[in-house]
Amino acid sequence: MTDSGGVQKEAFYFEKPCVILCPETEWVELVNCCAAIITDANEQQIIDAFLH
């Protein structure tokens with residue numbers, strides 16, 4: 001879980017899932033290929049993403 005763009009990309013390189021705690025990301029390709037999910041600060045979305 002992160003709000004850092006650098007960590008988002010590093011998670012992708014290390015083949016780790018990433019939950020993005022921002023309303024958007026500059027790395028849209030990570031979301032498009034399902035390597036990351038955007039939850040913003042929505043508590044239920046964060047929980048759902050973590051459990052997924």
# chains A, B, ... in the order shown; residues from 1 in each chain; ligands from 1
>>> select_by_dssp(residues="chain A", states="helix (DSSP H, G or I)", output="MDAnalysis selection string")
chainID A and resid 5:13 28:32 43:51
>>> residues_around(residues="Val7 (chain A)", least_positions_apart="3", cutoff="12 Å", atoms="only C-alpha atoms", output="VMD selection string")
chain A and resid 1 to 4 10 to 21 25 27 30 36
>>> write_last_selection(atoms="N, CA and C atoms", output="PDB file, in the first residue's frame")
ATOM      1  N   MET A   1       0.847  -1.166   0.000  1.00  0.00           N
ATOM      2  CA  MET A   1       0.000   0.000   0.000  1.00  0.00           C
ATOM      3  C   MET A   1       0.892   1.227   0.000  1.00  0.00           C
ATOM      4  N   THR A   2       0.599   2.142  -0.922  1.00  0.00           N
ATOM      5  CA  THR A   2       1.463   3.309  -1.036  1.00  0.00           C
ATOM      6  C   THR A   2       0.755   4.473  -1.714  1.00  0.00           C
ATOM      7  N   ASP A   3       1.316   5.641  -1.512  1.00  0.00           N
ATOM      8  CA  ASP A   3       0.911   6.809  -2.291  1.00  0.00           C
ATOM      9  C   ASP A   3       2.105   7.311  -3.110  1.00  0.00           C
ATOM     10  N   SER A   4       3.200   6.567  -3.086  1.00  0.00           N
ATOM     11  CA  SER A   4       4.421   6.944  -3.782  1.00  0.00           C
ATOM     12  C   SER A   4       4.472   6.333  -5.183  1.00  0.00           C
ATOM     13  N   GLU A  10       8.254   0.155  -8.367  1.00  0.00           N
ATOM     14  CA  GLU A  10       9.113  -0.877  -7.777  1.00  0.00           C
ATOM     15  C   GLU A  10       8.318  -2.140  -7.473  1.00  0.00           C
ATOM     16  N   ALA A  11       7.099  -1.985  -6.972  1.00  0.00           N
ATOM     17  CA  ALA A  11       6.255  -3.151  -6.702  1.00  0.00           C
ATOM     18  C   ALA A  11       6.026  -3.939  -7.993  1.00  0.00           C
ATOM     19  N   PHE A  12       5.805  -3.231  -9.081  1.00  0.00           N
ATOM     20  CA  PHE A  12       5.619  -3.885 -10.379  1.00  0.00           C
ATOM     21  C   PHE A  12       6.872  -4.666 -10.779  1.00  0.00           C
ATOM     22  N   TYR A  13       8.040  -4.044 -10.653  1.00  0.00           N
ATOM     23  CA  TYR A  13       9.294  -4.711 -11.027  1.00  0.00           C
ATOM     24  C   TYR A  13       9.563  -5.957 -10.187  1.00  0.00           C
ATOM     25  N   PHE A  14       9.150  -5.924  -8.917  1.00  0.00           N
ATOM     26  CA  PHE A  14       9.357  -7.065  -8.030  1.00  0.00           C
ATOM     27  C   PHE A  14       8.163  -8.012  -8.014  1.00  0.00           C
ATOM     28  N   GLU A  15       7.215  -7.778  -8.950  1.00  0.00           N
ATOM     29  CA  GLU A  15       6.043  -8.631  -9.129  1.00  0.00           C
ATOM     30  C   GLU A  15       5.220  -8.749  -7.859  1.00  0.00           C
ATOM     31  N   LYS A  16       5.034  -7.619  -7.181  1.00  0.00           N
ATOM     32  CA  LYS A  16       4.225  -7.554  -5.971  1.00  0.00           C
ATOM     33  C   LYS A  16       2.976  -6.726  -6.266  1.00  0.00           C
ATOM     34  N   PRO A  17       1.843  -7.118  -5.750  1.00  0.00           N
ATOM     35  CA  PRO A  17       0.628  -6.311  -5.960  1.00  0.00           C
ATOM     36  C   PRO A  17       0.746  -4.979  -5.230  1.00  0.00           C
ATOM     37  N   CYS A  18       0.050  -3.992  -5.714  1.00  0.00           N
ATOM     38  CA  CYS A  18       0.142  -2.661  -5.138  1.00  0.00           C
ATOM     39  C   CYS A  18      -1.245  -2.047  -4.996  1.00  0.00           C
ATOM     40  N   VAL A  19      -1.508  -1.512  -3.814  1.00  0.00           N
ATOM     41  CA  VAL A  19      -2.732  -0.763  -3.556  1.00  0.00           C
ATOM     42  C   VAL A  19      -2.336   0.701  -3.496  1.00  0.00           C
ATOM     43  N   ILE A  20      -2.921   1.495  -4.377  1.00  0.00           N
ATOM     44  CA  ILE A  20      -2.562   2.911  -4.497  1.00  0.00           C
ATOM     45  C   ILE A  20      -3.539   3.750  -3.691  1.00  0.00           C
ATOM     46  N   LEU A  21      -3.016   4.453  -2.704  1.00  0.00           N
ATOM     47  CA  LEU A  21      -3.843   5.236  -1.788  1.00  0.00           C
ATOM     48  C   LEU A  21      -3.989   6.678  -2.255  1.00  0.00           C
ATOM     49  N   THR A  25      -3.051   7.907 -10.542  1.00  0.00           N
ATOM     50  CA  THR A  25      -1.631   7.573 -10.603  1.00  0.00           C
ATOM     51  C   THR A  25      -1.074   7.975 -11.954  1.00  0.00           C
ATOM     52  N   TRP A  27       1.139   6.166 -13.266  1.00  0.00           N
ATOM     53  CA  TRP A  27       1.474   4.864 -13.842  1.00  0.00           C
ATOM     54  C   TRP A  27       0.195   4.105 -14.202  1.00  0.00           C
ATOM     55  N   LEU A  30       0.053   0.320 -14.925  1.00  0.00           N
ATOM     56  CA  LEU A  30       0.043  -0.659 -13.837  1.00  0.00           C
ATOM     57  C   LEU A  30      -1.384  -1.041 -13.472  1.00  0.00           C
ATOM     58  N   ALA A  36      -1.799  -3.119 -10.146  1.00  0.00           N
ATOM     59  CA  ALA A  36      -2.101  -2.186  -9.061  1.00  0.00           C
ATOM     60  C   ALA A  36      -3.577  -1.834  -9.107  1.00  0.00           C
TER      61      ALA A  36
END
>>> select_by_dssp(residues="chain A", states="strand (DSSP E or B)", output="list in words")
Thr2, Cys18, Val19, Ile20, Ala36, Ile37 and Ile38 of chain A
>>> write_last_selection(atoms="C-alpha atoms", output="CSV table (one decimal), in the first residue's frame")
chain,number,residue,atom,x,y,z
A,2,THR,CA,1.5,3.3,-1.0
A,18,CYS,CA,0.1,-2.7,-5.1
A,19,VAL,CA,-2.7,-0.8,-3.6
A,20,ILE,CA,-2.6,2.9,-4.5
A,36,ALA,CA,-2.1,-2.2,-9.1
A,37,ILE,CA,-5.5,-1.0,-7.9
A,38,ILE,CA,-6.5,2.6,-7.0
>>> residues_around(residues="region 41-44 of chain A", least_positions_apart="5", cutoff="9 Å", atoms="only C-alpha atoms", output="NGL selection string")
:A and (21-23 or 49)
>>> atom_distance(atom1="CA of Ile47 (chain A)", atom2="CA of Ala35 (chain A)")
16.8 Å
>>> atom_distance(atom1="CA of Gly6 (chain A)", atom2="CA of Asp48 (chain A)")
23.2 Å
